[in-house]
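What follows is entry16.cif (mmCIF, C-alpha atoms).
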data_query
#
loop_
_atom_site.label_atom_id
_atom_site.label_comp_id
_atom_site.auth_asym_id
_atom_site.auth_seq_id
_atom_site.Cartn_x
_atom_site.Cartn_y
_atom_site.Cartn_z
CA MET A 1046 -41.02 88.97 30.73
CA GLU A 1047 -38.12 87.01 29.21
CA PRO A 1048 -38.79 83.45 28.17
CA ARG A 1049 -37.52 80.87 30.66
CA ASN A 1050 -35.08 79.40 28.23
CA SER A 1051 -33.24 82.64 27.52
CA ILE A 1052 -30.55 84.50 29.42
CA ASN A 1053 -29.77 88.04 28.61
CA GLY A 1054 -31.74 87.78 25.45
CA LEU A 1055 -30.00 84.63 24.19
CA LYS A 1056 -32.03 81.49 23.72
CA GLN A 1057 -30.84 78.40 25.57
CA LYS A 1058 -31.06 74.80 24.36
CA PRO A 1059 -33.64 72.81 26.19
CA LYS A 1060 -32.17 70.94 29.13
CA ILE A 1061 -32.36 67.15 29.00
CA SER A 1062 -33.70 65.65 32.12
CA ARG A 1063 -31.18 63.62 34.19
CA PHE A 1064 -33.73 60.84 34.33
CA MET A 1065 -34.08 60.76 30.55
CA ARG A 1066 -30.27 60.58 30.14
CA LEU A 1067 -30.00 57.83 32.71
CA GLY A 1068 -32.74 55.85 30.99
CA SER A 1069 -30.98 56.10 27.64
CA GLU A 1070 -27.71 54.86 29.12
CA ILE A 1071 -29.48 51.88 30.69
CA ILE A 1072 -31.10 50.96 27.35
CA PHE A 1073 -27.79 51.29 25.48
CA SER A 1074 -25.96 49.16 28.05
CA SER A 1075 -28.65 46.50 27.84
CA VAL A 1076 -28.35 46.32 24.06
CA VAL A 1077 -24.55 45.98 24.26
CA LEU A 1078 -24.85 43.33 26.95
CA PHE A 1079 -27.43 41.38 24.92
CA PHE A 1080 -25.36 41.29 21.71
CA GLY A 1081 -22.19 40.56 23.67
CA CYS A 1082 -23.84 37.55 25.32
CA ALA A 1083 -25.26 36.38 22.00
CA SER A 1084 -21.84 36.56 20.39
CA GLN A 1085 -20.25 34.69 23.29
CA THR A 1086 -23.02 32.06 23.15
CA ASP A 1087 -22.33 31.51 19.44
CA GLN A 1088 -18.65 31.12 20.13
CA ASN A 1089 -19.26 28.71 22.98
CA SER A 1090 -21.69 26.69 20.88
CA THR A 1091 -18.93 25.86 18.34
CA PRO A 1092 -17.54 22.45 19.31
CA PRO A 1093 -13.80 22.33 19.94
CA PRO A 1094 -11.64 20.49 17.37
CA ALA A 1095 -11.87 16.76 17.88
CA GLN A 1096 -8.86 15.25 19.57
CA THR A 1097 -7.70 12.20 17.65
CA ASN A 1098 -5.26 9.51 18.48
CA GLU A 1099 -3.04 7.67 16.05
CA ASP A 1100 -5.54 4.87 15.43
CA GLU A 1101 -8.30 7.31 14.49
CA VAL A 1102 -6.02 9.06 12.00
CA VAL A 1103 -5.29 5.76 10.29
CA GLU A 1104 -9.01 5.02 10.07
CA GLU A 1105 -9.65 8.42 8.46
CA GLN A 1106 -6.97 7.67 5.90
CA ASP A 1107 -8.39 4.26 4.99
CA PRO A 1108 -10.55 5.57 2.08
CA GLN A 1109 -7.51 7.38 0.69
CA SER A 1110 -5.37 4.26 1.13
CA GLU A 1111 -7.84 2.25 -0.93
CA THR A 1112 -7.32 4.64 -3.84
CA ARG A 1113 -3.56 4.07 -3.56
CA LEU A 1114 -3.87 0.30 -4.00
CA ILE A 1115 -2.07 -0.96 -7.11
CA THR A 1116 -3.43 -4.22 -8.55
CA LEU A 1117 -1.10 -6.13 -10.85
CA PRO A 1118 -2.10 -8.91 -13.29
CA LEU A 1119 -0.30 -12.20 -12.65
CA GLU A 1120 0.10 -15.04 -15.13
CA VAL A 1121 0.81 -18.43 -13.54
CA TYR A 1122 2.59 -21.30 -15.30
CA LEU A 1123 2.46 -24.75 -13.71
CA TYR A 1124 5.45 -26.62 -15.10
CA ASP A 1125 5.18 -30.28 -15.98
CA PHE A 1126 8.53 -31.87 -16.80
CA ALA A 1127 7.85 -34.89 -18.99
CA GLY A 1128 9.69 -37.90 -17.63
CA GLU A 1129 10.71 -36.03 -14.46
CA PRO A 1130 7.65 -36.01 -12.13
CA ASP A 1131 9.81 -35.05 -9.15
CA TYR A 1132 10.20 -31.60 -10.66
CA SER A 1133 6.64 -31.12 -11.92
CA SER A 1134 4.27 -28.82 -10.03
CA THR A 1135 1.53 -30.47 -7.96
CA LEU A 1136 -0.52 -27.36 -7.15
CA ASP A 1137 -4.12 -26.96 -8.29
CA GLU A 1138 -5.97 -23.68 -8.90
CA GLU A 1139 -7.24 -23.40 -5.33
CA GLU A 1140 -3.74 -23.90 -3.94
CA VAL A 1141 -2.36 -21.32 -6.35
CA ALA A 1142 -5.01 -18.83 -5.18
CA ASP A 1143 -4.04 -19.49 -1.56
CA LEU A 1144 -0.33 -18.99 -2.36
CA VAL A 1145 -1.01 -15.66 -4.06
CA ALA A 1146 -3.29 -14.53 -1.21
CA LYS A 1147 -0.52 -15.13 1.32
CA ALA A 1148 1.94 -13.20 -0.82
CA ASN A 1149 -0.58 -10.36 -1.05
CA GLU A 1150 -0.64 -10.16 2.75
CA ILE A 1151 3.07 -9.33 2.62
CA TYR A 1152 2.68 -6.92 -0.29
CA SER A 1153 -0.12 -5.08 1.48
CA GLN A 1154 2.68 -3.18 3.27
CA ALA A 1155 3.34 -1.51 -0.09
CA GLU A 1156 -0.38 -1.32 -0.99
CA ILE A 1157 0.23 -3.68 -3.90
CA GLU A 1158 -1.70 -6.83 -4.74
CA PHE A 1159 -1.56 -9.49 -7.43
CA ASN A 1160 -4.61 -10.66 -9.34
CA VAL A 1161 -4.30 -14.02 -11.11
CA VAL A 1162 -5.46 -13.58 -14.69
CA SER A 1163 -4.47 -17.01 -16.03
CA ILE A 1164 -3.19 -20.40 -14.90
CA VAL A 1165 -1.52 -22.41 -17.65
CA LYS A 1166 -0.06 -25.89 -17.43
CA LYS A 1167 3.19 -25.85 -19.37
CA THR A 1168 4.70 -29.19 -20.43
CA ILE A 1169 8.44 -29.26 -20.92
CA SER A 1170 10.09 -32.09 -22.82
CA ALA A 1171 13.44 -33.56 -21.92
CA ALA A 1172 14.79 -32.15 -25.16
CA MET A 1173 13.90 -28.64 -24.06
CA PHE A 1174 15.30 -28.90 -20.57
CA ASP A 1175 18.01 -31.22 -19.33
CA ILE A 1176 17.63 -31.49 -15.57
CA VAL A 1177 20.51 -29.63 -14.00
CA GLN A 1178 22.57 -31.57 -11.51
CA PRO A 1179 23.36 -29.92 -8.17
CA GLU A 1180 27.05 -29.71 -8.99
CA ASP A 1181 26.32 -28.12 -12.39
CA THR A 1182 25.43 -24.46 -11.90
CA THR A 1183 27.29 -22.87 -14.78
CA SER A 1184 24.49 -23.37 -17.31
CA THR A 1185 21.51 -23.17 -14.96
CA LYS A 1186 20.27 -19.79 -16.19
CA GLN A 1187 20.77 -20.70 -19.81
CA LYS A 1188 18.68 -23.84 -19.37
CA PHE A 1189 15.91 -21.98 -17.57
CA LEU A 1190 15.89 -19.33 -20.27
CA LYS A 1191 14.88 -22.02 -22.75
CA ILE A 1192 11.63 -22.74 -20.90
CA VAL A 1193 10.58 -19.17 -20.09
CA PRO A 1194 7.69 -17.98 -22.30
CA PRO A 1195 8.52 -14.83 -24.29
CA TYR A 1196 7.44 -11.63 -22.58
CA ASP A 1197 4.92 -9.40 -24.35
CA ALA A 1198 6.38 -5.92 -24.10
CA ASN A 1199 3.10 -4.38 -25.26
CA LYS A 1200 1.40 -5.03 -21.93
CA ILE A 1201 2.23 -4.81 -18.26
CA VAL A 1202 1.96 -8.23 -16.65
CA TRP A 1203 3.76 -10.16 -13.93
CA ARG A 1204 4.60 -13.85 -14.36
CA THR A 1205 5.48 -16.80 -12.17
CA GLY A 1206 6.47 -20.36 -12.96
CA ILE A 1207 5.84 -23.04 -10.33
CA VAL A 1208 7.78 -26.29 -10.10
CA ARG A 1209 7.78 -29.01 -7.45
CA LYS A 1210 11.45 -28.52 -6.73
CA MET A 1211 14.40 -26.86 -8.37
CA PRO A 1212 17.09 -28.96 -10.05
CA ILE A 1213 19.56 -26.89 -8.07
CA PRO A 1214 19.69 -26.30 -4.29
CA ALA A 1215 17.36 -23.31 -4.25
CA GLY A 1216 13.76 -22.39 -3.55
CA GLY A 1217 13.33 -20.12 -6.52
CA LEU A 1218 14.89 -18.10 -9.29
CA TYR A 1219 14.04 -14.83 -11.04
CA ILE A 1220 14.99 -14.70 -14.69
CA ALA A 1221 13.70 -13.05 -17.89
CA LYS A 1222 10.81 -11.33 -16.09
CA LEU A 1223 9.54 -14.61 -14.63
CA ALA A 1224 9.70 -15.64 -10.97
CA PHE A 1225 10.27 -19.37 -10.57
CA PHE A 1226 9.01 -20.80 -7.30
CA ALA A 1227 9.65 -24.30 -5.97
CA GLU A 1228 7.01 -25.98 -3.81
CA GLN A 1229 9.92 -27.58 -1.95
CA ASN A 1230 13.02 -25.61 -1.13
CA LYS A 1231 16.43 -27.23 -0.74
CA ASP A 1232 15.31 -28.54 2.66
CA GLY A 1233 12.06 -29.96 1.27
CA GLU A 1234 9.95 -27.21 2.91
CA PHE A 1235 7.10 -25.11 1.45
CA HIS A 1236 7.38 -21.37 2.14
CA HIS A 1237 5.06 -18.79 0.58
CA THR A 1238 7.64 -16.18 1.58
CA ILE A 1239 10.02 -17.59 -1.05
CA PHE A 1240 7.32 -17.01 -3.65
CA ALA A 1241 6.95 -13.41 -2.47
CA HIS A 1242 10.75 -13.06 -2.35
CA GLU A 1243 11.21 -14.07 -5.99
CA LEU A 1244 8.45 -11.68 -7.06
CA GLY A 1245 10.28 -9.01 -5.08
CA HIS A 1246 13.13 -9.23 -7.60
CA SER A 1247 10.62 -8.31 -10.33
CA PHE A 1248 10.34 -4.88 -8.70
CA GLY A 1249 14.10 -4.41 -8.74
CA LEU A 1250 14.65 -5.31 -5.08
CA ASP A 1251 18.10 -6.67 -4.25
CA HIS A 1252 19.08 -9.04 -1.48
CA THR A 1253 19.56 -7.55 1.97
CA GLU A 1254 21.03 -8.67 5.28
CA ILE A 1255 18.24 -7.14 7.37
CA PRO A 1256 16.76 -9.71 9.81
CA GLY A 1257 13.13 -10.42 9.05
CA ASN A 1258 13.19 -8.62 5.71
CA LEU A 1259 11.53 -10.27 2.73
CA MET A 1260 14.66 -9.93 0.61
CA THR A 1261 17.09 -11.51 3.07
CA PRO A 1262 18.16 -14.93 1.72
CA GLY A 1263 17.95 -17.98 3.97
CA ASN A 1264 15.38 -16.23 6.10
CA ALA A 1265 12.23 -17.86 4.71
CA ALA A 1266 10.44 -18.65 7.97
CA VAL A 1267 10.37 -15.03 9.15
CA ALA A 1268 10.98 -13.03 5.97
CA LEU A 1269 7.89 -10.84 6.08
CA LYS A 1270 8.88 -7.18 6.29
CA LEU A 1271 9.43 -4.44 3.75
CA ASN A 1272 11.06 -1.13 4.61
CA SER A 1273 10.09 2.33 3.33
CA GLU A 1274 12.86 2.44 0.74
CA GLN A 1275 11.81 -0.91 -0.73
CA ILE A 1276 8.17 0.17 -0.81
CA GLU A 1277 9.05 3.34 -2.71
CA ILE A 1278 11.01 1.32 -5.29
CA MET A 1279 8.21 -1.24 -5.66
CA ARG A 1280 5.44 1.29 -6.20
CA ALA A 1281 7.45 3.13 -8.85
CA GLN A 1282 8.29 -0.12 -10.69
CA ALA A 1283 4.69 -1.36 -10.46
CA LEU A 1284 3.60 1.44 -12.79
CA ILE A 1285 5.96 0.48 -15.60
CA GLY A 1286 6.13 -3.33 -15.42
CA PRO A 1287 8.50 -6.00 -14.06
CA LYS A 1288 12.20 -5.26 -14.17
#

Could you rewrite the structure in this file as C-alpha cells?
Amino acid sequence: MEPRNSINGLKQKPKISRFMRLGSEIIFSSVVLFFGCASQTDQNSTPPPAQTNEDEVVEEQDPQSETRLITLPLEVYLYDFAGEPDYSSTLDEEEVADLVAKANEIYSQAEIEFNVVSIVKKTISAAMFDIVQPEDTTSTKQKFLKIVPPYDANKIVWRTGIVRKMPIPAGGLYIAKLAFFAEQNKDGEFHHTIFAHELGHSFGLDHTEIPGNLMTPGNAAVALKLNSEQIEIMRAQALIGPK
C-alpha cells in the first residue's frame, strides 16, 4: 500500500491545516496591531509645540537681552564758578544719581546704561572763564574749551559737566568729549531729557526733526524716543568711546 502522502510514487509535502494557518494569521495581525498602537500612542504622547504670543517671546529673550547690556563709566564734574554763584551747580550726589537714573531709562531702549564712577567738584576762577554774555556767541566754544578737563585717550570713559545755568541761551553743550548740562534751561526749567540729549551727541547722534525724538531740539518735555538707526549707531560707538 502506498503511503498516504504520496501520489504515483511521489512524496507530497505535508498539508498545513486551515485552522493552523488561520491561527498564525490572527497572531501576526495582533502583533502588528499592538506595535502600531504603541507607535501611535508614543506619537500622541509628544506634546504639540507651545503656541507663544509676542509677550512670551520677549520674556524668553530677557536673559539674552541682559547679556547685550552695555554699561559705560561716567565721570561727573560739578562746576563751581568763583564769584558767579548763579552759574555754579547746586546738585548733590543723590540728585546726580537720580539724574543719571532717569537718563538710563531713556537709554534702556538701546540697552545702554551709565554708571557713575566719580563726582568731582571743579572750581573755575574768573581768570579761567569770563562769563559769556547772551549776545556774545562767537567765542563760546573757545571759552568752554578752557574749562574742559583733558581727556585720557588710554581709557574709555564718558564725561559730563553740570552747571546751574549756561551763560548763553541753551540747556547744554557737547564739546571736547564732555556733555555740559544746565540745571536750568533758557526758560529756567529742569529737564533730564536735555542731559540725555547732550550725552546723545557723545555717541555721534545728530539733531533730528522727528517729533518726540531725543535728538530733536526744543522738544525737551517729550524728547524720549530713539529709533533703530540711532540705536545701531549708539551701540557701535559705545564700544570704542565717546565721539

Residues at most 9 Å from range 1220-1233 of chain A, counting all atoms listed in the file, excluding those fewer than 2 positions away in the same chain, as an mmCIF file with C-alpha atoms, in the frame of the given file?
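Here's the written file around-v9.cif:
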data_model
loop_
_atom_site.group_PDB
_atom_site.id
_atom_site.type_symbol
_atom_site.label_atom_id
_atom_site.label_comp_id
_atom_site.auth_asym_id
_atom_site.auth_seq_id
_atom_site.Cartn_x
_atom_site.Cartn_y
_atom_site.Cartn_z
ATOM 1 C CA TYR A 1132 10.200 -31.600 -10.660
ATOM 2 C CA SER A 1134 4.270 -28.820 -10.030
ATOM 3 C CA THR A 1135 1.530 -30.470 -7.960
ATOM 4 C CA LEU A 1136 -0.520 -27.360 -7.150
ATOM 5 C CA LYS A 1186 20.270 -19.790 -16.190
ATOM 6 C CA PHE A 1189 15.910 -21.980 -17.570
ATOM 7 C CA LEU A 1190 15.890 -19.330 -20.270
ATOM 8 C CA VAL A 1193 10.580 -19.170 -20.090
ATOM 9 C CA PRO A 1194 7.690 -17.980 -22.300
ATOM 10 C CA PRO A 1195 8.520 -14.830 -24.290
ATOM 11 C CA TYR A 1196 7.440 -11.630 -22.580
ATOM 12 C CA TRP A 1203 3.760 -10.160 -13.930
ATOM 13 C CA ARG A 1204 4.600 -13.850 -14.360
ATOM 14 C CA THR A 1205 5.480 -16.800 -12.170
ATOM 15 C CA GLY A 1206 6.470 -20.360 -12.960
ATOM 16 C CA ILE A 1207 5.840 -23.040 -10.330
ATOM 17 C CA VAL A 1208 7.780 -26.290 -10.100
ATOM 18 C CA ARG A 1209 7.780 -29.010 -7.450
ATOM 19 C CA LYS A 1210 11.450 -28.520 -6.730
ATOM 20 C CA MET A 1211 14.400 -26.860 -8.370
ATOM 21 C CA ILE A 1213 19.560 -26.890 -8.070
ATOM 22 C CA PRO A 1214 19.690 -26.300 -4.290
ATOM 23 C CA ALA A 1215 17.360 -23.310 -4.250
ATOM 24 C CA GLY A 1216 13.760 -22.390 -3.550
ATOM 25 C CA GLY A 1217 13.330 -20.120 -6.520
ATOM 26 C CA LEU A 1218 14.890 -18.100 -9.290
ATOM 27 C CA PHE A 1235 7.100 -25.110 1.450
ATOM 28 C CA HIS A 1236 7.380 -21.370 2.140
ATOM 29 C CA HIS A 1237 5.060 -18.790 0.580
ATOM 30 C CA ILE A 1239 10.020 -17.590 -1.050
ATOM 31 C CA PHE A 1240 7.320 -17.010 -3.650
ATOM 32 C CA GLU A 1243 11.210 -14.070 -5.990
ATOM 33 C CA LEU A 1244 8.450 -11.680 -7.060
ATOM 34 C CA GLY A 1245 10.280 -9.010 -5.080
ATOM 35 C CA HIS A 1246 13.130 -9.230 -7.600
ATOM 36 C CA SER A 1247 10.620 -8.310 -10.330
ATOM 37 C CA PRO A 1287 8.500 -6.000 -14.060
ATOM 38 C CA LYS A 1288 12.200 -5.260 -14.170
#

**OP:** Excluding range 1155-1171 of chain A and any residue of its chain fewer than 4 positions from it, enumerate the residues within 7 Å of it, using only C-alpha atoms, and give them as a PyMOL selection string.
**Re:** chain A and resi 1113-1127+1149+1175+1276

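The interatomic distance for the pair CA of Leu1259 in chain A and CA of Ile1201 in chain A works out to 23.6 Å.
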
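Here CA of Leu1284 in chain A is placed at a distance of 28.1 Å from CA of Glu1139 in chain A.
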
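Picture a line from CA of Ala1268 in chain A to CA of Thr1253 in chain A; it runs 10.9 Å.
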
Subject >> Residues in the PyMOL selection byres ((chain A and resi 1270) around 12), expressed as number ranges by chain >> reply: A: 1148, 1150-1155, 1238, 1241-1242, 1245, 1253, 1255-1261, 1264-1269, 1271-1276

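When all atoms listed in the file are used to compute distances to Leu1250 in chain A, the closest of the residues A:Val1202, A:Glu1277, A:Gly1263, A:Glu1129 turns out to be A:Glu1277.
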
Assuming the input is short of atoms at range 1152-1163 of chain A, produce all heavy atoms for that part as a PDB file, keeping the file's coordinate frame.
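Generated file (out.pdb):
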ATOM      1  N   TYR A1152       2.612  -8.083   0.600  1.00  0.00           N
ATOM      2  CA  TYR A1152       2.680  -6.920  -0.290  1.00  0.00           C
ATOM      3  C   TYR A1152       1.695  -5.818   0.103  1.00  0.00           C
ATOM      4  O   TYR A1152       1.787  -4.695  -0.418  1.00  0.00           O
ATOM      5  CB  TYR A1152       2.449  -7.350  -1.737  1.00  0.00           C
ATOM      6  CG  TYR A1152       3.694  -7.931  -2.370  1.00  0.00           C
ATOM      7  CD1 TYR A1152       3.910  -9.305  -2.383  1.00  0.00           C
ATOM      8  CD2 TYR A1152       4.665  -7.104  -2.907  1.00  0.00           C
ATOM      9  CE1 TYR A1152       5.061  -9.832  -2.935  1.00  0.00           C
ATOM     10  CE2 TYR A1152       5.812  -7.620  -3.471  1.00  0.00           C
ATOM     11  CZ  TYR A1152       6.011  -8.990  -3.478  1.00  0.00           C
ATOM     12  OH  TYR A1152       7.162  -9.515  -4.019  1.00  0.00           O
ATOM     13  N   SER A1153       0.798  -6.118   1.010  1.00  0.00           N
ATOM     14  CA  SER A1153      -0.120  -5.080   1.480  1.00  0.00           C
ATOM     15  C   SER A1153       0.636  -3.950   2.180  1.00  0.00           C
ATOM     16  O   SER A1153       0.135  -2.827   2.271  1.00  0.00           O
ATOM     17  CB  SER A1153      -1.168  -5.674   2.427  1.00  0.00           C
ATOM     18  OG  SER A1153      -0.561  -6.150   3.620  1.00  0.00           O
ATOM     19  N   GLN A1154       1.841  -4.230   2.665  1.00  0.00           N
ATOM     20  CA  GLN A1154       2.680  -3.180   3.270  1.00  0.00           C
ATOM     21  C   GLN A1154       2.992  -2.086   2.250  1.00  0.00           C
ATOM     22  O   GLN A1154       3.167  -0.919   2.621  1.00  0.00           O
ATOM     23  CB  GLN A1154       3.989  -3.780   3.780  1.00  0.00           C
ATOM     24  CG  GLN A1154       3.820  -4.837   4.858  1.00  0.00           C
ATOM     25  CD  GLN A1154       5.127  -5.551   5.158  1.00  0.00           C
ATOM     26  OE1 GLN A1154       6.011  -5.011   5.825  1.00  0.00           O
ATOM     27  NE2 GLN A1154       5.258  -6.770   4.653  1.00  0.00           N
ATOM     28  N   ALA A1155       3.057  -2.461   0.984  1.00  0.00           N
ATOM     29  CA  ALA A1155       3.340  -1.510  -0.090  1.00  0.00           C
ATOM     30  C   ALA A1155       2.065  -1.095  -0.821  1.00  0.00           C
ATOM     31  O   ALA A1155       2.135  -0.383  -1.824  1.00  0.00           O
ATOM     32  CB  ALA A1155       4.330  -2.105  -1.084  1.00  0.00           C
ATOM     33  N   GLU A1156       0.910  -1.568  -0.337  1.00  0.00           N
ATOM     34  CA  GLU A1156      -0.380  -1.320  -0.990  1.00  0.00           C
ATOM     35  C   GLU A1156      -0.350  -1.792  -2.445  1.00  0.00           C
ATOM     36  O   GLU A1156      -0.761  -1.089  -3.365  1.00  0.00           O
ATOM     37  CB  GLU A1156      -0.753   0.158  -0.887  1.00  0.00           C
ATOM     38  CG  GLU A1156      -0.952   0.612   0.559  1.00  0.00           C
ATOM     39  CD  GLU A1156      -1.366   2.056   0.673  1.00  0.00           C
ATOM     40  OE1 GLU A1156      -2.573   2.324   0.663  1.00  0.00           O
ATOM     41  OE2 GLU A1156      -0.472   2.914   0.768  1.00  0.00           O
ATOM     42  N   ILE A1157       0.166  -3.017  -2.596  1.00  0.00           N
ATOM     43  CA  ILE A1157       0.230  -3.680  -3.900  1.00  0.00           C
ATOM     44  C   ILE A1157      -0.389  -5.054  -3.748  1.00  0.00           C
ATOM     45  O   ILE A1157      -0.186  -5.727  -2.730  1.00  0.00           O
ATOM     46  CB  ILE A1157       1.684  -3.798  -4.389  1.00  0.00           C
ATOM     47  CG1 ILE A1157       2.257  -2.418  -4.724  1.00  0.00           C
ATOM     48  CG2 ILE A1157       1.794  -4.726  -5.596  1.00  0.00           C
ATOM     49  CD1 ILE A1157       3.734  -2.430  -5.071  1.00  0.00           C
ATOM     50  N   GLU A1158      -1.146  -5.477  -4.752  1.00  0.00           N
ATOM     51  CA  GLU A1158      -1.700  -6.830  -4.740  1.00  0.00           C
ATOM     52  C   GLU A1158      -1.637  -7.431  -6.135  1.00  0.00           C
ATOM     53  O   GLU A1158      -1.660  -6.724  -7.142  1.00  0.00           O
ATOM     54  CB  GLU A1158      -3.144  -6.836  -4.234  1.00  0.00           C
ATOM     55  CG  GLU A1158      -4.145  -6.211  -5.182  1.00  0.00           C
ATOM     56  CD  GLU A1158      -5.594  -6.381  -4.731  1.00  0.00           C
ATOM     57  OE1 GLU A1158      -5.810  -6.800  -3.586  1.00  0.00           O
ATOM     58  OE2 GLU A1158      -6.482  -6.071  -5.537  1.00  0.00           O
ATOM     59  N   PHE A1159      -1.555  -8.768  -6.159  1.00  0.00           N
ATOM     60  CA  PHE A1159      -1.560  -9.490  -7.430  1.00  0.00           C
ATOM     61  C   PHE A1159      -2.931 -10.099  -7.663  1.00  0.00           C
ATOM     62  O   PHE A1159      -3.567 -10.600  -6.741  1.00  0.00           O
ATOM     63  CB  PHE A1159      -0.498 -10.599  -7.422  1.00  0.00           C
ATOM     64  CG  PHE A1159       0.912 -10.089  -7.475  1.00  0.00           C
ATOM     65  CD1 PHE A1159       1.684 -10.040  -6.328  1.00  0.00           C
ATOM     66  CD2 PHE A1159       1.454  -9.644  -8.669  1.00  0.00           C
ATOM     67  CE1 PHE A1159       2.982  -9.572  -6.372  1.00  0.00           C
ATOM     68  CE2 PHE A1159       2.755  -9.164  -8.719  1.00  0.00           C
ATOM     69  CZ  PHE A1159       3.524  -9.129  -7.567  1.00  0.00           C
ATOM     70  N   ASN A1160      -3.350 -10.054  -8.926  1.00  0.00           N
ATOM     71  CA  ASN A1160      -4.610 -10.660  -9.340  1.00  0.00           C
ATOM     72  C   ASN A1160      -4.311 -11.689 -10.425  1.00  0.00           C
ATOM     73  O   ASN A1160      -3.805 -11.334 -11.500  1.00  0.00           O
ATOM     74  CB  ASN A1160      -5.570  -9.590  -9.865  1.00  0.00           C
ATOM     75  CG  ASN A1160      -6.858 -10.180 -10.389  1.00  0.00           C
ATOM     76  OD1 ASN A1160      -7.448 -11.060  -9.755  1.00  0.00           O
ATOM     77  ND2 ASN A1160      -7.306  -9.724 -11.549  1.00  0.00           N
ATOM     78  N   VAL A1161      -4.585 -12.961 -10.136  1.00  0.00           N
ATOM     79  CA  VAL A1161      -4.300 -14.020 -11.110  1.00  0.00           C
ATOM     80  C   VAL A1161      -5.239 -13.890 -12.296  1.00  0.00           C
ATOM     81  O   VAL A1161      -6.462 -13.930 -12.147  1.00  0.00           O
ATOM     82  CB  VAL A1161      -4.455 -15.412 -10.456  1.00  0.00           C
ATOM     83  CG1 VAL A1161      -4.248 -16.515 -11.502  1.00  0.00           C
ATOM     84  CG2 VAL A1161      -3.475 -15.585  -9.301  1.00  0.00           C
ATOM     85  N   VAL A1162      -4.660 -13.733 -13.474  1.00  0.00           N
ATOM     86  CA  VAL A1162      -5.460 -13.580 -14.690  1.00  0.00           C
ATOM     87  C   VAL A1162      -5.464 -14.856 -15.528  1.00  0.00           C
ATOM     88  O   VAL A1162      -6.335 -15.030 -16.397  1.00  0.00           O
ATOM     89  CB  VAL A1162      -4.968 -12.386 -15.536  1.00  0.00           C
ATOM     90  CG1 VAL A1162      -5.206 -11.078 -14.802  1.00  0.00           C
ATOM     91  CG2 VAL A1162      -3.497 -12.539 -15.903  1.00  0.00           C
ATOM     92  N   SER A1163      -4.504 -15.741 -15.285  1.00  0.00           N
ATOM     93  CA  SER A1163      -4.470 -17.010 -16.030  1.00  0.00           C
ATOM     94  C   SER A1163      -3.600 -18.024 -15.293  1.00  0.00           C
ATOM     95  O   SER A1163      -2.648 -17.655 -14.612  1.00  0.00           O
ATOM     96  CB  SER A1163      -3.934 -16.804 -17.454  1.00  0.00           C
ATOM     97  OG  SER A1163      -2.579 -16.388 -17.422  1.00  0.00           O
TER      98      SER A1163
END
